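Peer 1: run-v8.txt (compact mmCIF, C-alpha atoms) pasted underneath:
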# COMPACT_ATOMS: atom_id res chain seq x y z
CA MET A 658 7.29 36.26 33.06
CA GLU A 659 11.05 36.50 32.85
CA PHE A 660 12.68 36.46 29.46
CA GLY A 661 14.71 33.37 30.36
CA GLU A 662 11.57 31.44 31.28
CA ILE A 663 9.90 32.40 28.02
CA VAL A 664 12.91 31.20 26.07
CA SER A 665 13.04 27.89 27.94
CA VAL A 666 9.34 27.18 27.31
CA LEU A 667 9.79 28.06 23.65
CA LEU A 668 12.83 25.79 23.38
CA GLN A 669 10.68 22.87 24.55
CA GLY A 670 8.35 23.67 21.68
CA ALA A 671 11.30 23.89 19.31
CA ILE A 672 12.31 20.36 20.30
CA VAL A 673 8.84 19.09 19.32
CA THR A 674 9.16 20.94 16.02
CA ILE A 675 12.56 19.33 15.38
CA LYS A 676 11.11 15.90 16.23
CA ILE A 677 8.33 16.35 13.67
CA VAL A 678 10.82 17.45 11.04
CA ALA A 679 13.03 14.46 11.87
CA MET A 680 10.12 12.08 11.33
CA ALA A 681 8.47 13.77 8.35
CA LEU A 682 11.70 14.28 6.40
CA PRO A 683 12.47 10.54 5.92
CA LEU A 684 8.83 9.93 4.98
CA ALA A 685 8.97 12.74 2.43
CA ALA A 686 12.25 11.43 1.00
CA PHE A 687 10.81 7.93 0.77
CA MET A 688 7.69 9.15 -1.04
CA ALA A 689 9.74 11.37 -3.33
CA PHE A 690 12.05 8.58 -4.46
CA THR A 691 9.36 5.91 -4.69
CA PHE A 692 6.90 7.96 -6.72
CA GLY A 693 9.62 9.77 -8.66
CA LEU A 694 11.03 6.46 -9.88
CA VAL A 695 7.56 5.00 -10.43
CA ARG A 696 6.61 8.02 -12.50
CA LEU A 697 9.69 7.53 -14.69
CA TYR A 698 10.05 3.80 -15.00
CA ALA A 699 6.91 1.90 -13.91
CA PRO A 700 4.18 0.60 -16.24
CA ALA A 701 1.23 2.85 -17.09
CA PRO A 702 -1.28 2.16 -14.26
CA PHE A 703 1.39 2.81 -11.61
CA LYS A 704 2.48 5.94 -13.42
CA GLN A 705 -1.10 7.21 -13.32
CA LEU A 706 -1.26 6.43 -9.61
CA SER A 707 1.84 8.50 -8.95
CA ILE A 708 0.51 11.40 -11.05
CA LEU A 709 -2.71 11.23 -9.02
CA TYR A 710 -0.72 11.37 -5.78
CA ILE A 711 1.39 14.30 -6.95
CA GLU A 712 -1.49 16.34 -8.34
CA PHE A 713 -3.68 15.72 -5.33
CA PHE A 714 -1.09 16.73 -2.74
CA ARG A 715 0.24 19.67 -4.71
CA GLY A 716 -3.16 20.90 -5.85
CA THR A 717 -4.78 21.16 -2.45
CA SER A 718 -3.44 22.96 0.54
CA ALA A 719 -1.30 21.40 3.29
CA LEU A 720 -3.61 22.57 6.05
CA ILE A 721 -6.63 20.96 4.36
CA GLN A 722 -4.72 17.69 4.01
CA LEU A 723 -3.79 17.87 7.68
CA TYR A 724 -7.38 18.52 8.75
CA TRP A 725 -8.65 15.81 6.46
CA ILE A 726 -6.29 13.22 7.93
CA TYR A 727 -6.93 14.34 11.49
CA PHE A 728 -10.69 14.98 11.42
CA VAL A 729 -12.04 12.79 8.61
CA LEU A 730 -10.02 9.57 8.86
CA PRO A 731 -11.49 8.72 12.30
CA PHE A 732 -14.84 8.37 10.50
CA PHE A 733 -13.25 5.58 8.47
CA GLY A 734 -12.43 3.89 11.78
CA LEU A 735 -8.82 5.05 11.51
CA SER A 736 -8.24 7.06 14.65
CA ILE A 737 -4.72 8.40 14.68
CA ASP A 738 -3.17 10.70 17.23
CA ALA A 739 -2.35 14.27 16.32
CA MET A 740 1.39 13.67 16.08
CA THR A 741 1.04 10.82 13.57
CA ALA A 742 -1.49 12.82 11.57
CA GLY A 743 0.91 15.75 11.43
CA VAL A 744 3.89 13.66 10.36
CA ILE A 745 1.88 11.82 7.70
CA ALA A 746 0.28 14.97 6.26
CA LEU A 747 3.53 16.92 6.09
CA GLY A 748 5.56 13.96 4.85
CA LEU A 749 3.10 13.23 2.04
CA ASN A 750 2.76 16.90 1.12
CA ILE A 751 6.48 17.67 0.91
CA GLY A 752 7.06 14.24 -0.63
CA ALA A 753 4.77 15.16 -3.53
CA TYR A 754 6.88 18.22 -4.29
CA GLY A 755 10.03 16.09 -3.88
CA THR A 756 8.78 13.66 -6.53
CA GLU A 757 9.19 16.29 -9.20
CA VAL A 758 12.67 17.11 -7.92
CA VAL A 759 13.71 13.44 -8.21
CA ARG A 760 12.22 13.19 -11.68
CA GLY A 761 13.80 16.42 -12.91
CA ALA A 762 17.22 15.54 -11.52
CA ILE A 763 17.20 12.09 -13.13
CA GLN A 764 16.09 13.53 -16.45
CA ALA A 765 18.88 16.11 -16.24
CA VAL A 766 21.59 13.43 -16.27
CA PRO A 767 23.15 13.64 -19.73
CA LYS A 768 21.81 11.11 -22.19
CA GLY A 769 25.31 9.90 -23.04
CA GLN A 770 25.48 8.37 -19.56
CA TYR A 771 22.49 6.12 -20.31
CA GLU A 772 23.90 5.20 -23.68
CA ALA A 773 27.37 4.46 -22.32
CA SER A 774 25.98 2.23 -19.58
CA VAL A 775 23.87 0.36 -22.13
CA ALA A 776 26.92 -0.02 -24.37
CA LEU A 777 28.92 -1.36 -21.42
CA ASN A 778 26.22 -3.97 -20.82
CA PHE A 779 25.13 -2.82 -17.34
CA THR A 780 21.87 -4.30 -16.10
CA SER A 781 19.08 -1.76 -15.66
CA SER A 782 19.39 -1.78 -11.85
CA GLN A 783 23.16 -1.29 -12.06
CA ARG A 784 22.59 1.53 -14.50
CA LEU A 785 20.21 3.26 -12.12
CA LEU A 786 22.11 2.67 -8.87
CA ARG A 787 25.69 3.08 -10.03
CA ILE A 788 25.51 5.48 -12.95
CA ILE A 789 22.36 7.59 -12.93
CA LEU A 790 21.44 8.11 -9.28
CA PRO A 791 24.90 9.11 -7.99
CA GLN A 792 24.94 11.90 -10.55
CA ALA A 793 21.29 12.82 -10.14
CA LEU A 794 21.62 12.98 -6.37
CA VAL A 795 23.93 16.00 -6.57
CA ASN A 796 21.36 17.86 -8.67
CA MET A 797 18.68 17.02 -6.14
CA ILE A 798 20.46 18.45 -3.12
CA PRO A 799 19.78 22.19 -3.56
CA PRO A 800 16.03 21.80 -4.27
CA PHE A 801 15.77 19.23 -1.47
CA GLY A 802 17.38 21.78 0.85
CA ASN A 803 14.66 24.27 -0.09
CA LEU A 804 11.98 21.66 0.50
CA ALA A 805 13.44 20.83 3.91
CA ILE A 806 13.10 24.50 4.84
CA GLU A 807 9.54 24.48 3.50
CA LEU A 808 8.93 21.48 5.76
CA VAL A 809 10.22 23.31 8.83
CA LYS A 810 7.89 26.19 7.99
CA ALA A 811 4.97 23.85 7.37
CA THR A 812 5.40 22.18 10.78
CA SER A 813 3.89 25.33 12.29
CA LEU A 814 0.54 24.10 10.91
CA VAL A 815 0.44 21.19 13.36
CA SER A 816 -0.10 23.72 16.14
CA LEU A 817 -3.64 23.99 14.74
CA ILE A 818 -4.33 20.33 15.60
CA THR A 819 -3.17 20.85 19.19
CA ILE A 820 0.41 19.57 18.97
CA ALA A 821 2.59 21.52 21.40
CA ASP A 822 5.19 22.61 18.85
CA LEU A 823 7.02 25.93 18.77
CA THR A 824 4.10 27.86 17.27
CA PHE A 825 1.61 26.30 19.70
CA LYS A 826 3.78 27.18 22.70
CA ALA A 827 4.16 30.71 21.38
CA LYS A 828 0.42 31.13 20.97
CA SER A 829 -0.42 29.78 24.43
CA LEU A 830 2.35 31.78 26.10
CA ALA A 831 1.11 34.88 24.32
CA ASP A 832 -2.45 34.28 25.53
CA MET A 833 -1.18 33.69 29.06
CA THR A 834 1.47 36.40 29.57
CA LEU A 835 0.49 39.02 26.98
CA GLN A 836 4.22 39.62 26.36
CA VAL A 837 3.48 39.06 22.69
CA GLY A 838 6.34 41.14 21.30
CA GLU A 839 9.22 39.23 22.91
CA ILE A 840 7.58 35.86 22.39
CA PHE A 841 6.96 36.15 18.68
CA VAL A 842 10.33 37.74 17.96
CA VAL A 843 12.07 34.83 19.76
CA VAL A 844 9.93 32.35 17.84
CA LEU A 845 10.72 33.93 14.48
CA VAL A 846 14.43 33.93 15.32
CA LEU A 847 14.28 30.25 16.36
CA TYR A 848 12.61 29.24 13.09
CA PHE A 849 15.13 31.33 11.18
CA ALA A 850 18.02 29.63 13.01
CA MET A 851 16.62 26.17 12.21
CA ALA A 852 16.25 27.07 8.55
CA GLN A 853 19.78 28.48 8.37
CA CYS A 854 21.21 25.31 9.97
CA LEU A 855 19.42 23.16 7.42
CA SER A 856 20.57 25.32 4.57
CA LEU A 857 24.22 25.12 5.78
CA PHE A 858 23.91 21.35 6.12
CA PHE A 859 22.56 20.95 2.59
CA ARG A 860 25.29 23.16 1.18
CA TYR A 861 27.87 20.95 2.90
CA LEU A 862 26.12 17.85 1.57
CA GLU A 863 26.20 19.21 -1.95
CA LYS A 864 29.94 19.82 -1.73
CA ARG A 865 30.54 16.40 -0.22
CA LEU A 866 28.49 14.55 -2.85
CA SER A 867 29.96 16.32 -5.83
CA ARG A 868 33.47 15.10 -4.96
CA GLY A 869 34.91 12.89 -7.64
CA LEU A 870 32.19 13.71 -10.16
CA GLY A 871 34.54 15.76 -12.28
CA ARG A 872 32.25 18.76 -12.28
CA GLY A 873 33.54 21.63 -14.30
CA GLY A 874 36.20 19.43 -15.86
CA MET A 875 35.75 17.40 -18.98
CA ASN A 876 32.08 16.73 -19.53
CA MET B 154 -17.10 3.38 14.52
CA ILE B 155 -19.49 5.69 12.75
CA GLU B 156 -20.86 4.32 9.50
CA LEU B 157 -19.18 6.14 6.66
CA ASN B 158 -21.57 7.36 4.05
CA TRP B 159 -21.28 10.25 1.71
CA ASP B 160 -24.46 12.26 2.28
CA TRP B 161 -25.51 14.20 -0.81
CA THR B 162 -28.29 16.14 0.90
CA PHE B 163 -25.72 17.37 3.41
CA VAL B 164 -23.43 18.34 0.53
CA TRP B 165 -26.13 20.46 -1.14
CA GLN B 166 -26.92 22.01 2.20
CA VAL B 167 -23.34 23.11 2.97
CA LEU B 168 -22.08 23.87 -0.54
CA PRO B 169 -23.62 27.38 -0.74
CA MET B 170 -22.05 28.34 2.60
CA ILE B 171 -18.62 27.14 1.49
CA LEU B 172 -18.97 28.82 -1.90
CA SER B 173 -19.79 32.14 -0.30
CA ALA B 174 -16.71 31.73 1.90
CA ALA B 175 -14.74 31.11 -1.31
CA LYS B 176 -15.31 34.80 -2.08
CA VAL B 177 -13.31 35.72 1.03
CA THR B 178 -10.55 33.30 0.05
CA LEU B 179 -10.37 34.70 -3.47
CA LEU B 180 -10.48 38.29 -2.24
CA ALA B 181 -7.58 37.64 0.17
CA THR B 182 -5.61 35.99 -2.65
CA PHE B 183 -6.32 38.82 -5.08
CA LEU B 184 -5.38 41.62 -2.68
CA GLY B 185 -2.46 39.56 -1.37
CA SER B 186 -1.04 39.08 -4.85
CA LEU B 187 -1.37 42.78 -5.73
CA LEU B 188 0.56 43.65 -2.57
CA ALA B 189 3.08 40.86 -3.19
CA ILE B 190 3.81 42.19 -6.68
CA CYS B 191 4.39 45.71 -5.33
CA VAL B 192 6.53 44.49 -2.42
CA GLY B 193 8.45 42.12 -4.70
CA LEU B 194 9.18 44.85 -7.21
CA ILE B 195 10.36 47.26 -4.51
CA PHE B 196 12.61 44.60 -2.94
CA ALA B 197 14.00 43.64 -6.34
CA LEU B 198 14.83 47.24 -7.22
CA LEU B 199 16.37 47.89 -3.78
CA ARG B 200 18.59 44.85 -4.24
CA ARG B 201 19.85 46.35 -7.48
CA GLY B 202 20.39 49.77 -5.90
CA SER B 203 23.74 51.47 -5.44
CA SER B 204 24.03 51.34 -1.65
CA LYS B 205 25.65 48.17 -0.38
CA THR B 206 24.14 48.57 3.10
CA VAL B 207 20.64 48.62 1.59
CA ARG B 208 21.39 45.61 -0.61
CA VAL B 209 22.68 43.51 2.28
CA THR B 210 19.89 44.57 4.64
CA VAL B 211 17.21 43.79 2.07
CA TYR B 212 18.83 40.42 1.30
CA TRP B 213 18.76 39.31 4.95
CA LEU B 214 15.29 40.73 5.50
CA MET B 215 14.01 38.69 2.57
CA GLU B 216 15.88 35.61 3.72
CA PHE B 217 14.29 36.04 7.14
CA ILE B 218 10.78 36.47 5.76
CA ARG B 219 11.17 33.48 3.46
CA SER B 220 12.54 31.08 6.04
CA THR B 221 10.06 31.69 8.84
CA PRO B 222 6.56 30.21 8.78
CA LEU B 223 3.72 32.25 7.32
CA LEU B 224 1.50 31.18 10.23
CA VAL B 225 3.88 32.74 12.77
CA GLN B 226 4.08 35.90 10.68
CA ILE B 227 0.29 36.04 10.66
CA PHE B 228 0.22 35.69 14.45
CA PHE B 229 2.95 38.30 14.74
CA LEU B 230 0.97 40.85 12.74
CA TYR B 231 -2.27 40.00 14.48
CA TYR B 232 -1.05 39.99 18.09
CA VAL B 233 2.03 42.22 18.14
CA MET B 234 0.99 45.08 15.87
CA PRO B 235 -1.83 46.21 18.19
CA GLU B 236 0.90 46.83 20.81
CA PHE B 237 2.12 49.56 18.49
CA GLY B 238 -1.41 50.90 18.20
CA LEU B 239 -2.04 49.25 14.84
CA SER B 240 -5.13 47.06 15.10
CA MET B 241 -6.16 45.43 11.87
CA SER B 242 -9.06 43.22 10.83
CA PRO B 243 -8.27 39.54 10.15
CA LEU B 244 -8.66 40.11 6.40
CA MET B 245 -6.31 43.10 6.44
CA THR B 246 -3.77 41.18 8.54
CA GLY B 247 -3.99 38.23 6.20
CA VAL B 248 -3.53 40.32 3.07
CA ILE B 249 -0.45 42.02 4.52
CA ALA B 250 1.06 38.73 5.74
CA LEU B 251 0.48 37.00 2.39
CA GLY B 252 1.65 40.04 0.44
CA VAL B 253 4.90 40.49 2.34
CA HIS B 254 5.69 36.76 2.57
CA TYR B 255 5.18 36.13 -1.13
CA GLY B 256 6.64 39.52 -2.03
CA ALA B 257 9.93 38.19 -0.65
CA TYR B 258 9.67 35.19 -2.98
CA LEU B 259 8.57 37.26 -5.97
CA SER B 260 11.45 39.70 -5.59
CA GLU B 261 13.83 36.90 -6.62
CA VAL B 262 11.68 36.18 -9.67
CA PHE B 263 11.62 39.86 -10.60
CA ARG B 264 15.33 40.27 -10.01
CA SER B 265 16.25 37.42 -12.30
CA GLY B 266 13.73 38.67 -14.85
CA ILE B 267 15.29 42.12 -14.82
CA GLU B 268 18.77 40.67 -15.02
CA GLY B 269 17.68 38.52 -17.95
CA VAL B 270 17.14 41.60 -20.13
CA ASP B 271 19.97 42.01 -22.60
CA LYS B 272 22.80 44.21 -21.44
CA GLY B 273 22.75 46.18 -24.67
CA GLN B 274 19.33 47.55 -23.68
CA TRP B 275 20.86 49.19 -20.60
CA GLU B 276 23.72 50.57 -22.63
CA ALA B 277 21.41 51.92 -25.29
CA SER B 278 19.24 53.64 -22.65
CA ARG B 279 22.34 55.14 -21.11
CA ALA B 280 23.49 56.31 -24.55
CA LEU B 281 20.07 57.87 -25.19
CA ASN B 282 20.39 59.72 -21.88
CA LEU B 283 17.24 58.19 -20.33
CA THR B 284 16.81 58.60 -16.60
CA SER B 285 16.98 55.36 -14.63
CA PHE B 286 13.23 55.63 -13.89
CA ASP B 287 12.45 55.90 -17.61
CA THR B 288 14.87 53.07 -18.38
CA TYR B 289 13.01 50.75 -16.03
CA LYS B 290 9.55 51.93 -17.05
CA ASP B 291 9.92 52.08 -20.82
CA ILE B 292 12.80 49.75 -21.67
CA ILE B 293 13.54 47.10 -19.06
CA LEU B 294 10.25 46.15 -17.38
CA PRO B 295 8.20 45.76 -20.59
CA GLN B 296 10.72 43.19 -21.81
CA ALA B 297 11.23 41.54 -18.44
CA ILE B 298 7.57 40.82 -17.70
CA ARG B 299 6.86 37.94 -20.07
CA PRO B 300 9.57 35.59 -18.77
CA MET B 301 8.42 36.37 -15.21
CA ILE B 302 4.81 35.27 -15.76
CA PRO B 303 5.10 31.48 -15.16
CA ALA B 304 7.07 31.75 -11.91
CA THR B 305 4.93 34.64 -10.65
CA GLY B 306 1.80 32.64 -11.43
CA ASN B 307 3.11 29.63 -9.54
CA TYR B 308 3.76 31.74 -6.47
CA ILE B 309 0.29 33.26 -6.65
CA ILE B 310 -1.21 29.77 -6.79
CA ALA B 311 1.01 28.78 -3.85
CA MET B 312 -0.27 31.83 -1.99
CA PHE B 313 -3.85 30.84 -2.75
CA LYS B 314 -3.16 27.45 -1.20
CA GLU B 315 -1.84 29.07 1.98
CA THR B 316 -4.95 31.18 2.59
CA PRO B 317 -6.47 28.45 4.83
CA GLN B 318 -3.88 29.49 7.42
CA LEU B 319 -5.85 32.70 7.86
CA SER B 320 -8.49 30.59 9.61
CA ALA B 321 -6.09 30.68 12.60
CA ILE B 322 -6.94 34.35 13.10
CA THR B 323 -10.66 33.65 12.68
CA LEU B 324 -11.03 34.87 9.11
CA LEU B 325 -14.14 33.17 7.76
CA GLU B 326 -12.55 31.70 4.64
CA MET B 327 -13.43 28.31 3.17
CA LEU B 328 -11.61 26.06 5.62
CA GLN B 329 -12.77 27.93 8.70
CA VAL B 330 -16.39 27.77 7.50
CA ALA B 331 -15.99 24.05 6.76
CA LYS B 332 -14.57 23.48 10.22
CA ILE B 333 -17.44 25.33 11.87
CA ILE B 334 -19.99 23.35 9.83
CA GLY B 335 -18.12 20.17 10.73
CA SER B 336 -18.11 20.78 14.45
CA GLU B 337 -21.77 21.85 14.48
CA ASN B 338 -22.99 18.74 12.66
CA PHE B 339 -20.21 16.42 13.76
CA ARG B 340 -19.66 15.55 10.12
CA TYR B 341 -16.26 16.55 8.78
CA LEU B 342 -16.13 14.30 5.73
CA GLU B 343 -18.25 16.34 3.31
CA PRO B 344 -17.18 19.90 4.24
CA PHE B 345 -13.43 19.17 4.26
CA THR B 346 -13.62 17.10 1.10
CA LEU B 347 -15.59 19.84 -0.67
CA VAL B 348 -13.04 22.45 0.33
CA GLY B 349 -10.23 20.21 -0.90
CA ILE B 350 -11.96 19.69 -4.25
CA LEU B 351 -12.64 23.42 -4.62
CA TYR B 352 -8.96 24.20 -4.00
CA LEU B 353 -7.98 21.63 -6.60
CA VAL B 354 -10.44 23.08 -9.13
CA PHE B 355 -9.39 26.69 -8.54
CA SER B 356 -5.68 25.79 -8.75
CA VAL B 357 -6.13 23.95 -12.03
CA LEU B 358 -8.18 26.82 -13.48
CA ALA B 359 -5.61 29.36 -12.32
CA ALA B 360 -2.74 27.37 -13.81
CA TYR B 361 -4.61 27.23 -17.14
CA GLY B 362 -5.33 30.97 -16.96
CA ILE B 363 -1.68 31.83 -16.32
CA HIS B 364 -0.60 29.69 -19.23
CA GLN B 365 -3.07 31.57 -21.45
CA ILE B 366 -1.81 34.96 -20.25
CA GLU B 367 1.74 33.92 -21.01
CA LYS B 368 0.80 32.69 -24.49
CA ARG B 369 -1.11 35.86 -25.37
CA PHE B 370 1.60 38.14 -24.07
CA PRO B 371 3.57 39.89 -26.85
CA LYS B 372 7.04 38.36 -27.04
CA GLU B 373 8.71 41.63 -27.96
CA GLY B 374 7.32 43.42 -24.89
CA PHE B 375 4.83 46.27 -24.84
CA SER B 376 4.54 49.89 -23.91
CA LEU B 377 3.59 50.78 -20.36
CA LYS B 378 2.04 54.07 -21.49
Please, can you express the file's structure as structure tokens?

Peer 2:
Amino acid sequence: MEFGEIVSVLLQGAIVTIKIVAMALPLAAFMAFTFGLVRLYAPAPFKQLSILYIEFFRGTSALIQLYWIYFVLPFFGLSIDAMTAGVIALGLNIGAYGTEVVRGAIQAVPKGQYEASVALNFTSSQRLLRIILPQALVNMIPPFGNLAIELVKATSLVSLITIADLTFKAKSLADMTLQVGEIFVVVLVLYFAMAQCLSLFFRYLEKRLSRGLGRGGMN
Amino acid sequence: MIELNWDWTFVWQVLPMILSAAKVTLLATFLGSLLAICVGLIFALLRRGSSKTVRVTVYWLMEFIRSTPLLVQIFFLYYVMPEFGLSMSPLMTGVIALGVHYGAYLSEVFRSGIEGVDKGQWEASRALNLTSFDTYKDIILPQAIRPMIPATGNYIIAMFKETPQLSAITLLEMLQVAKIIGSENFRYLEPFTLVGILYLVFSVLAAYGIHQIEKRFPKEGFSLK
């Protein structure tokens, strides 16, 4: 097989990988914020629920979660296609790690900011949305960037439940053409390129969001 | 829809098989972490070396290893290495993949641990005319190790949780055995749930163990002799 053909087949796989990332990332962010805030502010039973979610998804392995959702849920009468299973498993898994990022970033906002907003008679939702979160968000960006890269890496697992992502294409091309060297080098480079793009994007985001926060000035 | 019922007799029937596969999982993790610690230490020292070319090369190599999926690296070792006449068993491949992948992560931990040692210690070693090997061995590393333990432990637990990926190259670890049992009996609920619970239990135990090691470790360092 010609090198160009190999690359074009692999690029198709890369598009599937990007699609999964694009769907799992919002899910992960949603889970991270929901359970992060619940863990900090909700009443006890909800707090326990969020701890259960976090410990369960961080304590077991992503591949087991994926298999469980894909192979076991159909026995509950919940048949979902491989793509949905992949997005849900990865979103929930990365989301659980994100929860701790959200919590840590909010707790890292200086206490004086809470006190000042109480003194200025802000309501609790104003305090969260206008004072705490804008500052916490900047702290969240670098660890979120790392998690996004972890997500890209974790998408390779969906190849094991027959989704034709980059890793799956690589494996089937390798079985077919036996040009394993070229194929896997191209695949590694493609993953590396995706990760570098994400990391550049998050660095830009961090710069953009820290505008006007007076970092490094009077604090 | 198949009636969902948790079958205890099936559980007792498959548990011994999964537990004996746990030995493979733990062996891969143990060997993988030994290799990762060696690789991490070598990378960390190279990144502190005097040659800029080496420093930059090692930095990008680590960045590359860390930002590409472990699964692809496993496939790479398993399918591409034989082209160079290097055929390895699935376990061997897995240990090398885990060791190198997590070695790249650990090198950052080690580097910051080494850099966290007080500057005066370097100056004193220089003043006492110690060679740089002796400085590392007798002065720097003994003091750097304690602060490194929590992060190193977390990465080893993370590595443990990635061992199921070795099932992709047919290593008979816990998940692979569970999958085989599942497809033979057409019952996935019990095997996969058991494996999940075992991972949870092992991770919690390991986290507790690491905390104990850290607590027992002498704060002022120790002698490597």

Peer 1: Mind listing as a ChimeraX atom specification which residues of chain A are within 7 Å of chain B, counting all atoms listed in the file?

Peer 2: /A:716-718,720-721,725,728-729,732-734,806,810-811,813,824,837-838,841,845,848-849,852

Peer 1: Do you have the CA of Arg369 (chain B)-CA of Ala304 (chain B) distance handy?

Peer 2: 16.3 Å

Peer 1: Given the choices A:Leu735, A:Met658, A:Ala746, A:Ile708, which gets closest to Ile818 (chain A) if the distance is worked out from all atoms listed in the file?

Peer 2: A:Ala746

Peer 1: Please tabulate, as a Markdown table, the residues of region 187-208 of chain B that come within 10 Å of region 164-182 of chain B, each with its closest pair of atoms and the distance in Å to one decimal, counting all atoms listed in the file and ordering rows by chain, then residue number upward.

Peer 2:
| residue | atom | partner | partner_atom | distance |
| --- | --- | --- | --- | --- |
| B:Leu187 | CA | B:Thr182 | CA | 8.6 |
| B:Leu188 | CA | B:Thr182 | CA | 9.8 |
| B:Ala189 | CA | B:Thr182 | CA | 10.0 |

Peer 1: Quick one: pull the distance between CA of Pro731 (chain A) and CA of Ile711 (chain A), Å, one decimal.

Peer 2: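 Going from CA of Pro731 (chain A) over to CA of Ile711 (chain A), I get 23.8 Å.
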
Peer 1: Starting from the sparse input, extend region 335-352 of chain B to N, CA and C atoms and give the output as an mmCIF file, keeping the file's coordinate frame.

Peer 2:
data_model
loop_
_atom_site.group_PDB
_atom_site.id
_atom_site.type_symbol
_atom_site.label_atom_id
_atom_site.label_comp_id
_atom_site.auth_asym_id
_atom_site.auth_seq_id
_atom_site.Cartn_x
_atom_site.Cartn_y
_atom_site.Cartn_z
ATOM 1 N N GLY B 335 -18.472 21.507 10.266
ATOM 2 C CA GLY B 335 -18.120 20.170 10.730
ATOM 3 C C GLY B 335 -18.361 19.978 12.207
ATOM 4 N N SER B 336 -17.964 20.977 13.007
ATOM 5 C CA SER B 336 -18.110 20.780 14.450
ATOM 6 C C SER B 336 -19.565 20.930 14.893
ATOM 7 N N GLU B 337 -20.354 21.724 14.131
ATOM 8 C CA GLU B 337 -21.770 21.850 14.480
ATOM 9 C C GLU B 337 -22.552 20.569 14.202
ATOM 10 N N ASN B 338 -22.227 19.923 13.066
ATOM 11 C CA ASN B 338 -22.990 18.740 12.660
ATOM 12 C C ASN B 338 -22.290 17.438 13.005
ATOM 13 N N PHE B 339 -21.061 17.569 13.524
ATOM 14 C CA PHE B 339 -20.210 16.420 13.760
ATOM 15 C C PHE B 339 -20.068 15.563 12.511
ATOM 16 N N ARG B 340 -19.966 16.236 11.382
ATOM 17 C CA ARG B 340 -19.660 15.550 10.120
ATOM 18 C C ARG B 340 -18.575 16.347 9.428
ATOM 19 N N TYR B 341 -17.353 15.815 9.419
ATOM 20 C CA TYR B 341 -16.260 16.550 8.780
ATOM 21 C C TYR B 341 -16.019 16.098 7.352
ATOM 22 N N LEU B 342 -16.484 14.874 7.024
ATOM 23 C CA LEU B 342 -16.130 14.300 5.730
ATOM 24 C C LEU B 342 -16.504 15.216 4.569
ATOM 25 N N GLU B 343 -17.802 15.580 4.475
ATOM 26 C CA GLU B 343 -18.250 16.340 3.310
ATOM 27 C C GLU B 343 -17.649 17.751 3.262
ATOM 28 N N PRO B 344 -17.719 18.538 4.356
ATOM 29 C CA PRO B 344 -17.180 19.900 4.240
ATOM 30 C C PRO B 344 -15.695 19.930 3.864
ATOM 31 N N PHE B 345 -14.869 19.124 4.553
ATOM 32 C CA PHE B 345 -13.430 19.170 4.260
ATOM 33 C C PHE B 345 -13.128 18.662 2.856
ATOM 34 N N THR B 346 -13.858 17.620 2.438
ATOM 35 C CA THR B 346 -13.620 17.100 1.100
ATOM 36 C C THR B 346 -14.010 18.135 0.046
ATOM 37 N N LEU B 347 -15.155 18.798 0.272
ATOM 38 C CA LEU B 347 -15.590 19.840 -0.670
ATOM 39 C C LEU B 347 -14.546 20.938 -0.783
ATOM 40 N N VAL B 348 -14.031 21.382 0.363
ATOM 41 C CA VAL B 348 -13.040 22.450 0.330
ATOM 42 C C VAL B 348 -11.799 21.986 -0.439
ATOM 43 N N GLY B 349 -11.386 20.756 -0.174
ATOM 44 C CA GLY B 349 -10.230 20.210 -0.900
ATOM 45 C C GLY B 349 -10.466 20.219 -2.400
ATOM 46 N N ILE B 350 -11.647 19.750 -2.818
ATOM 47 C CA ILE B 350 -11.960 19.690 -4.250
ATOM 48 C C ILE B 350 -11.977 21.103 -4.843
ATOM 49 N N LEU B 351 -12.573 22.057 -4.098
ATOM 50 C CA LEU B 351 -12.640 23.420 -4.620
ATOM 51 C C LEU B 351 -11.236 23.993 -4.807
ATOM 52 N N TYR B 352 -10.339 23.717 -3.846
ATOM 53 C CA TYR B 352 -8.960 24.200 -4.000
ATOM 54 C C TYR B 352 -8.320 23.611 -5.239
#
